[in-house]
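Here the structure is laid out as structure tokens; the discussion comes afterwards.
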Amino acid sequence: MEAHLTQIWIVAGGVLLCGLGAVTCLVRGDLKPMRASGQGLGRHGRLALGAVLGIGVIAFTIKLIALFFLSSYPTQTISPILAQSQMGQEKAQEKAARLQARMVQVPKAWTLWEALPETAPAPIENPTTKSKIALGKQLFHDKNLSQDRSLSCASCHDIDQYGGADGKKQAIGVQGAVGHRNTPTVLNAAFQRRLFWDGRASSLEQQALGPLLNPIEMGMPSDEAVVARVIQEASYPPAFRQAFGADGKITIKTITQALAAYQRSLITPDSPYDDFIKGDATALSEAAQRGMFLFADLGCKLCHAGPNFSGASLIGPKRPYAPLQSHRLAEKEAQALSQDKGRAGPESDLGVWRIPSLRNVALTAPYFHNGSVDTLSEAVRIMAQAQLNAKIIEEKQFEPKSDMKILRWSQEDRSFTLTQKKILQQKDVSDLVAFLEALTSRSLQPK
Ligand code: HEC
Ligand code: HEC
């Protein structure tokens with residue numbers, strides 16, 4: 001703050017000195033000949049003229065100072081009050097450090113486009129092997145693992161038809177029980193450091209226990225009951241020995257390990273986007289390329305980051321969660337999307353969710369944790385408005401400037417900032433959708 005005041009005085013002093021210098025030259029230069037010819041002003045007249053000019057210079061200087069002061073009004077008037085207290089100063093320093101840290105991170109997230117690795121990482125205690133994958137695949141499709149033998153994992157995570165999800169708003173478990181969350185895809189789940197919409201599981205091994213015992217999913221009464229069902233099937237004991245070694249037993253641990261190993265093989269590094277990144281310039285349509293630019297320019301990429309387009313990705317940044325800013329949306333949408341608070345817990349007034357992957361997202365409608373949104377286009381509109389505060393206008397409403405300046409007051413930092421509000425047309429939303437469609441694996445695209 002003091003630095004600012006010093007700057008003001010240096011500028012004002014400089015202007016004043018220049019002004020005085022100029023006046024002296026004027027008086028000495030211009031008035032001299034008049035005096036020599038005897039027709040000029042007398043001594044008093046010259047003094048009066050000098051004084052008038054001098055006052056003019058001073059007034060001009062004051063105006064300059066006032067202008068300088070007003071032009072940086074918020075920081076100049078509000079921050080000094082804050083800076084008076086030690087706390088204010090500490091806060092300012094903290095803010096500067098935060099900003100600097102962000103500056104270091106941001107360029108990386110903005111400029112890096114990465115293809116998905118061909119294999120998924122596995123924990124040391126459960127290396128992925130062919131025999132484990134085969135066993136896991138059999139378990140994943142086995143309806144005997146549910147209480148009334150009506151559902152397998154694949155009933156809700158249908159890879160051939162629904163991109164690893166079920167196409168339903170909310171999952172339907174044993175005996176028609178309706179869950180309150182939408183089924184996410186299992187494809188590329190191997191790249192997630194947090195699993196489930198609220199991120200409550202941290203590995204596929206840990207995650208697999210959830211649906212088996214969940215009364216509104218597969219509804220098994222206990223781990224022992226699951227193990228008993230597996231032992232009953234004659235083909236399993238030899239398959240477990242093959243996958244886990246000569247004394248490989250059927251336990252809940254080996255069952256979940258096999259399921260996890262199979263899911264680690266469910267990755268889709270073969271989308272048009274990946275081909276484009278690897279150098280095939282024709283892999284993306286023009287619309288998809290415009291969408292790709294917008295995806296970074298708008299800031300979608302700051303959350304849906306890394307090659308898996310997920311903040312919760314092992315290979316992405318370390319920020320797995322984000323609040324869904326549903327209060328910024330129209331009332332009806334906000335109501336449906338803000339009932340469940342996710343990770344934040346029921347008491348919170350803000351829903352916090354794991355940032356989901358956008359790979360194969362075109363195949364996994366309906367969208368969001370409660371499956372309340374049917375189309376990808378609507379999901380993109382909601383994200384742009386709710387998460388990025390963009391404004392979407394209808395075509396021909398007016399010729400938009402690409403962005404609009406808005407003055408915002410931050411209660412936290414007690415300062416104004418001039419931010420740019422992005423204006424999007426429906427066409428831009430379609431371009432973003434075209435880009436998201438290019439994240440669909442070629443092997444899953446409708447033929
Ligand atoms: C009744 C439908 C249903 C069945 C059956 C089911 N799931 Fe799920 N699955 C869901 C739902 C719903 C969620 C999200 C729950 C949540 O976030 O609270 C989910 C989440 C997951 C996730 C997390 C994905 C991610 O990105 O967070 C994985 C992995 C998964 N299930 C694997 C399995 C496995 C393995 C089985 C079989 C043992 C299985 N599921 C059985 C409905 C089902
Ligand atoms: C501040 C972080 C953040 C930003 C920025 C952001 N998203 Fe999201 N996105 C999320 C979170 C969190 C969810 C999950 C919300 C939920 O389910 O309630 C999500 C969900 C989605 C979904 C639905 C995925 C599914 O499987 O249901 C789509 C599509 C999506 N985002 C696209 C975008 C696009 C396009 C942009 C840029 C216009 C964007 N997001 C910007 C955090 C973000």
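Just so we're on the same page: first chain in the structure tokens is A, next is B, and so on; residues restart at 1 for each chain, and ligands are numbered from 1 in the order they show up.
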
Next item on the list: Check every protein, DNA and RNA residue against ligand 1, keep those with an atom at most 6 Å away (counting only C-alpha atoms and all ligand atoms), and present them as a list in words.
Entry: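 Sorted by chain and then by number, the residues are Phe140, Leu151, Ser152, Cys153, Ser155, Cys156, Ala171, Ile172, Gly173, Arg181, Asn182, Thr183, Pro184, Thr185, Val186, Ala189, Leu195, Phe196, Trp197, Asp198, Leu204, Ala208, Pro211, Leu212, Glu217, Met218 and Leu259 of chain A.
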
Next item on the list: Residues up to 6 Å from ligand 2, counting only C-alpha atoms and all ligand atoms: could you list those as number ranges by chain?
Entry: A: 295, 299-300, 302-303, 322-324, 353-356, 361, 367-369, 376, 379-380, 383-384, 387-388

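For region 338-341 of chain A, the non-local neighbours within 9 Å, defined as residues at least 6 positions apart in the same chain or in other chains and counting only C-alpha atoms, are A:His180, A:Asp198, A:Leu324, A:Gln325, A:Ser326, A:His327, A:Glu347, A:Ser348, A:Asp349, A:Leu350, A:Gly351, A:Val352, A:Trp353, A:His369, A:Asn370.
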
I need the residues from that last selection saved to file as a PDB file, in the first residue's frame (with N, CA, C and O atoms), if you can.
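Heads up, here's the output in part_29.pdb:
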ATOM      1  N   HIS A 180     -30.961 -43.725  -5.152  1.00  0.00           N
ATOM      2  CA  HIS A 180     -31.156 -42.290  -5.351  1.00  0.00           C
ATOM      3  C   HIS A 180     -30.026 -41.672  -6.171  1.00  0.00           C
ATOM      4  O   HIS A 180     -29.956 -40.473  -6.325  1.00  0.00           O
ATOM      5  N   ASP A 198     -19.764 -39.356  -4.595  1.00  0.00           N
ATOM      6  CA  ASP A 198     -19.271 -38.551  -3.476  1.00  0.00           C
ATOM      7  C   ASP A 198     -17.850 -38.947  -3.093  1.00  0.00           C
ATOM      8  O   ASP A 198     -17.336 -38.526  -2.071  1.00  0.00           O
ATOM      9  N   LEU A 324     -21.092 -28.186  -6.749  1.00  0.00           N
ATOM     10  CA  LEU A 324     -21.940 -27.902  -7.894  1.00  0.00           C
ATOM     11  C   LEU A 324     -22.710 -26.628  -7.538  1.00  0.00           C
ATOM     12  O   LEU A 324     -23.504 -26.612  -6.609  1.00  0.00           O
ATOM     13  N   GLN A 325     -22.435 -25.571  -8.286  1.00  0.00           N
ATOM     14  CA  GLN A 325     -22.987 -24.257  -7.923  1.00  0.00           C
ATOM     15  C   GLN A 325     -24.438 -24.141  -8.389  1.00  0.00           C
ATOM     16  O   GLN A 325     -24.772 -23.274  -9.170  1.00  0.00           O
ATOM     17  N   SER A 326     -25.284 -25.026  -7.867  1.00  0.00           N
ATOM     18  CA  SER A 326     -26.642 -25.081  -8.418  1.00  0.00           C
ATOM     19  C   SER A 326     -27.481 -23.856  -8.054  1.00  0.00           C
ATOM     20  O   SER A 326     -28.474 -23.580  -8.703  1.00  0.00           O
ATOM     21  N   HIS A 327     -27.062 -23.090  -7.042  1.00  0.00           N
ATOM     22  CA  HIS A 327     -27.844 -21.909  -6.684  1.00  0.00           C
ATOM     23  C   HIS A 327     -27.846 -20.863  -7.792  1.00  0.00           C
ATOM     24  O   HIS A 327     -28.653 -19.955  -7.790  1.00  0.00           O
ATOM     25  N   GLU A 347     -26.169 -31.566   6.169  1.00  0.00           N
ATOM     26  CA  GLU A 347     -26.315 -30.278   6.847  1.00  0.00           C
ATOM     27  C   GLU A 347     -25.854 -29.096   5.978  1.00  0.00           C
ATOM     28  O   GLU A 347     -26.232 -27.960   6.201  1.00  0.00           O
ATOM     29  N   SER A 348     -25.021 -29.395   4.977  1.00  0.00           N
ATOM     30  CA  SER A 348     -24.411 -28.317   4.199  1.00  0.00           C
ATOM     31  C   SER A 348     -25.436 -27.650   3.283  1.00  0.00           C
ATOM     32  O   SER A 348     -26.468 -28.231   2.943  1.00  0.00           O
ATOM     33  N   ASP A 349     -25.163 -26.400   2.893  1.00  0.00           N
ATOM     34  CA  ASP A 349     -26.065 -25.781   1.927  1.00  0.00           C
ATOM     35  C   ASP A 349     -25.472 -25.832   0.519  1.00  0.00           C
ATOM     36  O   ASP A 349     -25.960 -25.220  -0.410  1.00  0.00           O
ATOM     37  N   LEU A 350     -24.405 -26.593   0.353  1.00  0.00           N
ATOM     38  CA  LEU A 350     -23.758 -26.702  -0.950  1.00  0.00           C
ATOM     39  C   LEU A 350     -23.457 -28.171  -1.230  1.00  0.00           C
ATOM     40  O   LEU A 350     -22.931 -28.862  -0.371  1.00  0.00           O
ATOM     41  N   GLY A 351     -23.810 -28.653  -2.415  1.00  0.00           N
ATOM     42  CA  GLY A 351     -23.478 -30.036  -2.760  1.00  0.00           C
ATOM     43  C   GLY A 351     -22.043 -30.127  -3.257  1.00  0.00           C
ATOM     44  O   GLY A 351     -21.624 -29.317  -4.079  1.00  0.00           O
ATOM     45  N   VAL A 352     -21.263 -31.057  -2.729  1.00  0.00           N
ATOM     46  CA  VAL A 352     -19.879 -31.229  -3.195  1.00  0.00           C
ATOM     47  C   VAL A 352     -19.724 -32.618  -3.802  1.00  0.00           C
ATOM     48  O   VAL A 352     -20.118 -33.613  -3.189  1.00  0.00           O
ATOM     49  N   TRP A 353     -19.160 -32.659  -5.016  1.00  0.00           N
ATOM     50  CA  TRP A 353     -19.101 -33.922  -5.756  1.00  0.00           C
ATOM     51  C   TRP A 353     -17.719 -34.181  -6.299  1.00  0.00           C
ATOM     52  O   TRP A 353     -16.963 -33.252  -6.577  1.00  0.00           O
ATOM     53  N   HIS A 369     -25.296 -36.572 -10.664  1.00  0.00           N
ATOM     54  CA  HIS A 369     -25.397 -37.583  -9.597  1.00  0.00           C
ATOM     55  C   HIS A 369     -26.806 -38.167  -9.453  1.00  0.00           C
ATOM     56  O   HIS A 369     -26.971 -39.289  -9.028  1.00  0.00           O
ATOM     57  N   ASN A 370     -27.832 -37.362  -9.806  1.00  0.00           N
ATOM     58  CA  ASN A 370     -29.193 -37.860  -9.648  1.00  0.00           C
ATOM     59  C   ASN A 370     -29.845 -38.180 -10.994  1.00  0.00           C
ATOM     60  O   ASN A 370     -31.041 -38.432 -11.068  1.00  0.00           O
TER      61      ASN A 370
END

Next item on the list: Could you check which of A:Leu20, A:Val227, A:Pro269, A:Lys137 is closest to Gly56 (chain A), using only C-alpha atoms?
Entry: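 Closest to Gly56 (chain A), using only C-alpha atoms: A:Leu20.
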
Which residues of region 200-311 of chain A sit at most 10 Å from region 110-120 of chain A, using only C-alpha atoms? Give each one's shortest atom pair and distance in Å (one decimal place), in chain and ascending residue order, as JSON lines.
{"residue": "A:Ala261", "atom": "CA", "partner": "A:Ala120", "partner_atom": "CA", "distance": 9.8}
{"residue": "A:Gln263", "atom": "CA", "partner": "A:Ala120", "partner_atom": "CA", "distance": 9.6}
{"residue": "A:Arg264", "atom": "CA", "partner": "A:Ala120", "partner_atom": "CA", "distance": 5.9}
{"residue": "A:Ser265", "atom": "CA", "partner": "A:Ala120", "partner_atom": "CA", "distance": 7.2}
{"residue": "A:Leu266", "atom": "CA", "partner": "A:Ala120", "partner_atom": "CA", "distance": 8.8}
{"residue": "A:Ile267", "atom": "CA", "partner": "A:Ala120", "partner_atom": "CA", "distance": 7.4}
{"residue": "A:Thr268", "atom": "CA", "partner": "A:Leu116", "partner_atom": "CA", "distance": 7.7}
{"residue": "A:Pro269", "atom": "CA", "partner": "A:Leu116", "partner_atom": "CA", "distance": 5.0}
{"residue": "A:Asp270", "atom": "CA", "partner": "A:Leu116", "partner_atom": "CA", "distance": 8.2}
{"residue": "A:Ser271", "atom": "CA", "partner": "A:Ala115", "partner_atom": "CA", "distance": 9.1}
{"residue": "A:Tyr273", "atom": "CA", "partner": "A:Ala115", "partner_atom": "CA", "distance": 7.6}
{"residue": "A:Asp274", "atom": "CA", "partner": "A:Ala115", "partner_atom": "CA", "distance": 4.8}
{"residue": "A:Asp275", "atom": "CA", "partner": "A:Ala115", "partner_atom": "CA", "distance": 8.0}
{"residue": "A:Phe276", "atom": "CA", "partner": "A:Ala115", "partner_atom": "CA", "distance": 8.8}
{"residue": "A:Ile277", "atom": "CA", "partner": "A:Ala115", "partner_atom": "CA", "distance": 6.2}
{"residue": "A:Lys278", "atom": "CA", "partner": "A:Ala115", "partner_atom": "CA", "distance": 7.2}
{"residue": "A:Met292", "atom": "CA", "partner": "A:Trp113", "partner_atom": "CA", "distance": 9.9}
{"residue": "A:Phe295", "atom": "CA", "partner": "A:Trp110", "partner_atom": "CA", "distance": 9.7}
{"residue": "A:Ala296", "atom": "CA", "partner": "A:Trp110", "partner_atom": "CA", "distance": 6.1}
{"residue": "A:Asp297", "atom": "CA", "partner": "A:Trp110", "partner_atom": "CA", "distance": 8.1}
{"residue": "A:Gly299", "atom": "CA", "partner": "A:Trp110", "partner_atom": "CA", "distance": 8.1}
{"residue": "A:Cys300", "atom": "CA", "partner": "A:Trp110", "partner_atom": "CA", "distance": 9.7}
{"residue": "A:Lys301", "atom": "CA", "partner": "A:Trp110", "partner_atom": "CA", "distance": 6.9}
{"residue": "A:Leu302", "atom": "CA", "partner": "A:Trp110", "partner_atom": "CA", "distance": 7.1}
{"residue": "A:Ala305", "atom": "CA", "partner": "A:Trp110", "partner_atom": "CA", "distance": 8.8}
{"residue": "A:Gly306", "atom": "CA", "partner": "A:Glu114", "partner_atom": "CA", "distance": 6.5}
{"residue": "A:Pro307", "atom": "CA", "partner": "A:Glu114", "partner_atom": "CA", "distance": 4.9}
{"residue": "A:Asn308", "atom": "CA", "partner": "A:Leu116", "partner_atom": "CA", "distance": 6.5}
{"residue": "A:Phe309", "atom": "CA", "partner": "A:Glu114", "partner_atom": "CA", "distance": 9.6}

Check: Quick one: of A:Lys391, A:Gly176, A:Ile382, A:Thr364, who's nearest to Gln161 (chain A), counting only C-alpha atoms?
Finding: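 With only C-alpha atoms as the atom set, the closest residue is A:Thr364.
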
Next item on the list: Please indicate the distance in Å from CA of Ala344 (chain A) to CA of Ala201 (chain A), rounded to one decimal place.
Entry: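 Computed distance, CA of Ala344 (chain A) to CA of Ala201 (chain A), equals 15.1 Å.
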
Next item on the list: Find, counting only C-alpha atoms, the residue in A:Val226, A:Ala234, A:Leu187, A:Ile252 that gets nearest to Glu205 (chain A).
Entry: A:Ile252

Next item on the list: Write out as number ranges by chain all residues of region 125-253 of chain A that DSSP puts in helix (DSSP H, G or I) for this structure's backbone.
Entry: A: 130-140, 143-145, 153-156, 159-162, 174-176, 189-191, 204-213, 223-232, 236-244, 252-253

Take the residues from that selection and put them in a file with C-alpha atoms, as an mmCIF file, in the first residue's frame.
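Everything below was put into out.cif:
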data_model
loop_
_atom_site.group_PDB
_atom_site.id
_atom_site.type_symbol
_atom_site.label_atom_id
_atom_site.label_comp_id
_atom_site.auth_asym_id
_atom_site.auth_seq_id
_atom_site.Cartn_x
_atom_site.Cartn_y
_atom_site.Cartn_z
ATOM 1 C CA LYS A 130 -4.724 -62.346 -17.717
ATOM 2 C CA SER A 131 -6.151 -65.111 -15.527
ATOM 3 C CA LYS A 132 -7.342 -62.571 -12.920
ATOM 4 C CA ILE A 133 -9.011 -60.483 -15.619
ATOM 5 C CA ALA A 134 -10.821 -63.575 -16.985
ATOM 6 C CA LEU A 135 -11.997 -64.568 -13.488
ATOM 7 C CA GLY A 136 -13.098 -61.008 -12.717
ATOM 8 C CA LYS A 137 -15.051 -60.862 -15.968
ATOM 9 C CA GLN A 138 -16.933 -64.044 -15.034
ATOM 10 C CA LEU A 139 -17.746 -62.669 -11.553
ATOM 11 C CA PHE A 140 -18.800 -59.298 -13.022
ATOM 12 C CA LYS A 143 -26.151 -62.963 -11.353
ATOM 13 C CA ASN A 144 -25.639 -65.446 -8.482
ATOM 14 C CA LEU A 145 -23.802 -62.680 -6.689
ATOM 15 C CA CYS A 153 -22.626 -56.029 -11.853
ATOM 16 C CA ALA A 154 -23.111 -55.945 -15.637
ATOM 17 C CA SER A 155 -26.891 -55.486 -15.250
ATOM 18 C CA CYS A 156 -26.218 -51.930 -14.130
ATOM 19 C CA ILE A 159 -20.578 -52.029 -21.470
ATOM 20 C CA ASP A 160 -21.985 -52.984 -24.873
ATOM 21 C CA GLN A 161 -25.160 -50.935 -24.771
ATOM 22 C CA TYR A 162 -24.740 -48.042 -22.339
ATOM 23 C CA VAL A 174 -32.799 -56.253 -6.318
ATOM 24 C CA GLN A 175 -36.592 -56.581 -6.074
ATOM 25 C CA GLY A 176 -37.065 -53.309 -7.895
ATOM 26 C CA ALA A 189 -12.796 -46.048 -13.421
ATOM 27 C CA ALA A 190 -9.295 -47.525 -12.954
ATOM 28 C CA PHE A 191 -7.914 -44.020 -13.429
ATOM 29 C CA LEU A 204 -11.682 -50.550 -6.999
ATOM 30 C CA GLU A 205 -11.034 -53.307 -4.445
ATOM 31 C CA GLN A 206 -12.704 -51.272 -1.694
ATOM 32 C CA GLN A 207 -15.455 -50.098 -4.031
ATOM 33 C CA ALA A 208 -16.602 -53.601 -5.114
ATOM 34 C CA LEU A 209 -17.824 -54.437 -1.593
ATOM 35 C CA GLY A 210 -20.335 -51.573 -1.803
ATOM 36 C CA PRO A 211 -22.787 -52.888 -4.433
ATOM 37 C CA LEU A 212 -22.573 -56.537 -3.259
ATOM 38 C CA LEU A 213 -23.844 -55.698 0.224
ATOM 39 C CA ASP A 223 -19.362 -61.198 2.978
ATOM 40 C CA GLU A 224 -19.728 -64.864 3.969
ATOM 41 C CA ALA A 225 -22.933 -65.175 1.943
ATOM 42 C CA VAL A 226 -21.125 -63.833 -1.145
ATOM 43 C CA VAL A 227 -18.224 -66.287 -0.665
ATOM 44 C CA ALA A 228 -20.692 -69.191 -0.207
ATOM 45 C CA ARG A 229 -22.419 -68.349 -3.517
ATOM 46 C CA VAL A 230 -19.080 -68.312 -5.361
ATOM 47 C CA ILE A 231 -17.915 -71.631 -3.855
ATOM 48 C CA GLN A 232 -21.168 -73.284 -5.037
ATOM 49 C CA TYR A 236 -14.684 -71.045 -9.693
ATOM 50 C CA PRO A 237 -12.255 -72.945 -7.387
ATOM 51 C CA PRO A 238 -9.834 -73.875 -10.229
ATOM 52 C CA ALA A 239 -10.137 -70.356 -11.706
ATOM 53 C CA PHE A 240 -9.217 -68.827 -8.327
ATOM 54 C CA ARG A 241 -6.199 -71.165 -8.057
ATOM 55 C CA GLN A 242 -5.085 -70.144 -11.510
ATOM 56 C CA ALA A 243 -5.464 -66.449 -10.732
ATOM 57 C CA PHE A 244 -4.098 -66.362 -7.163
ATOM 58 C CA ILE A 252 -14.134 -61.746 -0.118
ATOM 59 C CA LYS A 253 -10.654 -60.269 -0.628
#

Notebook entry, point to check: What is the distance between CA of Pro446 (chain A) and CA of Leu363 (chain A), in Å to one decimal?
Noted result: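 According to the coordinates, CA of Pro446 (chain A) and CA of Leu363 (chain A) are separated by 9.7 Å.
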
So that I can check the secondary structure, give me every residue of region 257-349 of chain A assigned strand (DSSP E) by backbone DSSP, as a PDB file with all heavy atoms, in the first residue's frame.
ATOM      1  N   TYR A 321     -12.504 -32.972  -5.931  1.00  0.00           N
ATOM      2  CA  TYR A 321     -13.881 -32.543  -5.666  1.00  0.00           C
ATOM      3  C   TYR A 321     -14.158 -31.121  -6.133  1.00  0.00           C
ATOM      4  O   TYR A 321     -13.261 -30.292  -6.202  1.00  0.00           O
ATOM      5  CB  TYR A 321     -14.175 -32.587  -4.163  1.00  0.00           C
ATOM      6  CG  TYR A 321     -14.004 -33.958  -3.571  1.00  0.00           C
ATOM      7  CD1 TYR A 321     -12.866 -34.288  -2.853  1.00  0.00           C
ATOM      8  CD2 TYR A 321     -14.986 -34.921  -3.744  1.00  0.00           C
ATOM      9  CE1 TYR A 321     -12.704 -35.558  -2.314  1.00  0.00           C
ATOM     10  CE2 TYR A 321     -14.828 -36.188  -3.211  1.00  0.00           C
ATOM     11  CZ  TYR A 321     -13.689 -36.498  -2.495  1.00  0.00           C
ATOM     12  OH  TYR A 321     -13.537 -37.751  -1.979  1.00  0.00           O
ATOM     13  N   ALA A 322     -15.436 -30.847  -6.394  1.00  0.00           N
ATOM     14  CA  ALA A 322     -15.853 -29.465  -6.649  1.00  0.00           C
ATOM     15  C   ALA A 322     -17.303 -29.317  -6.225  1.00  0.00           C
ATOM     16  O   ALA A 322     -18.087 -30.254  -6.337  1.00  0.00           O
ATOM     17  CB  ALA A 322     -15.697 -29.124  -8.122  1.00  0.00           C
ATOM     18  N   PRO A 323     -17.652 -28.142  -5.728  1.00  0.00           N
ATOM     19  CA  PRO A 323     -19.069 -27.930  -5.431  1.00  0.00           C
ATOM     20  C   PRO A 323     -19.846 -27.765  -6.745  1.00  0.00           C
ATOM     21  O   PRO A 323     -19.294 -27.292  -7.728  1.00  0.00           O
ATOM     22  CB  PRO A 323     -19.075 -26.627  -4.630  1.00  0.00           C
ATOM     23  CG  PRO A 323     -17.783 -25.976  -4.894  1.00  0.00           C
ATOM     24  CD  PRO A 323     -16.821 -26.988  -5.393  1.00  0.00           C
ATOM     25  N   LEU A 324     -21.092 -28.186  -6.749  1.00  0.00           N
ATOM     26  CA  LEU A 324     -21.940 -27.902  -7.894  1.00  0.00           C
ATOM     27  C   LEU A 324     -22.710 -26.628  -7.538  1.00  0.00           C
ATOM     28  O   LEU A 324     -23.504 -26.612  -6.609  1.00  0.00           O
ATOM     29  CB  LEU A 324     -22.914 -29.058  -8.148  1.00  0.00           C
ATOM     30  CG  LEU A 324     -23.888 -28.827  -9.286  1.00  0.00           C
ATOM     31  CD1 LEU A 324     -23.166 -28.774 -10.620  1.00  0.00           C
ATOM     32  CD2 LEU A 324     -24.951 -29.908  -9.328  1.00  0.00           C
TER      33      LEU A 324
END

Check: Nearest to Phe68 (chain A) among A:Gln7, A:Asn188, A:Gln170, A:Thr129, with distances taken over only C-alpha atoms: which residue is it?
Finding: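 Comparing A:Gln7, A:Asn188, A:Gln170, A:Thr129 against Phe68 (chain A), the winner is A:Gln7.
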
Next item on the list: Counting only C-alpha atoms, figure out which residue out of A:Gly163, A:Gly316, A:Gly42, A:Gly291 gets nearest to Leu432 (chain A).
Entry: A:Gly291

Next item on the list: For CA of Asp166 (chain A) and CA of Ala365 (chain A), determine how far apart the two atoms are, in Å to one decimal place.
Entry: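 Value for the CA of Asp166 (chain A)-CA of Ala365 (chain A) distance: 8.7 Å.
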
Check: Using only C-alpha atoms, which residue out of A:Ala48, A:Ala258, A:Lys168, A:Leu284 lies closest to Asp374 (chain A)?
Finding: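 Nearest candidate to Asp374 (chain A) out of A:Ala48, A:Ala258, A:Lys168, A:Leu284: A:Lys168.
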
Notebook entry, point to check: Which neighbours of Gly54 (chain A) fall inside 9 Å, counting only C-alpha atoms, when residues of the same chain fewer than 4 positions from it are skipped, and could you give them as a PyMOL selection string?
Noted result: chain A and resi 19-20+23+49-50+58-59
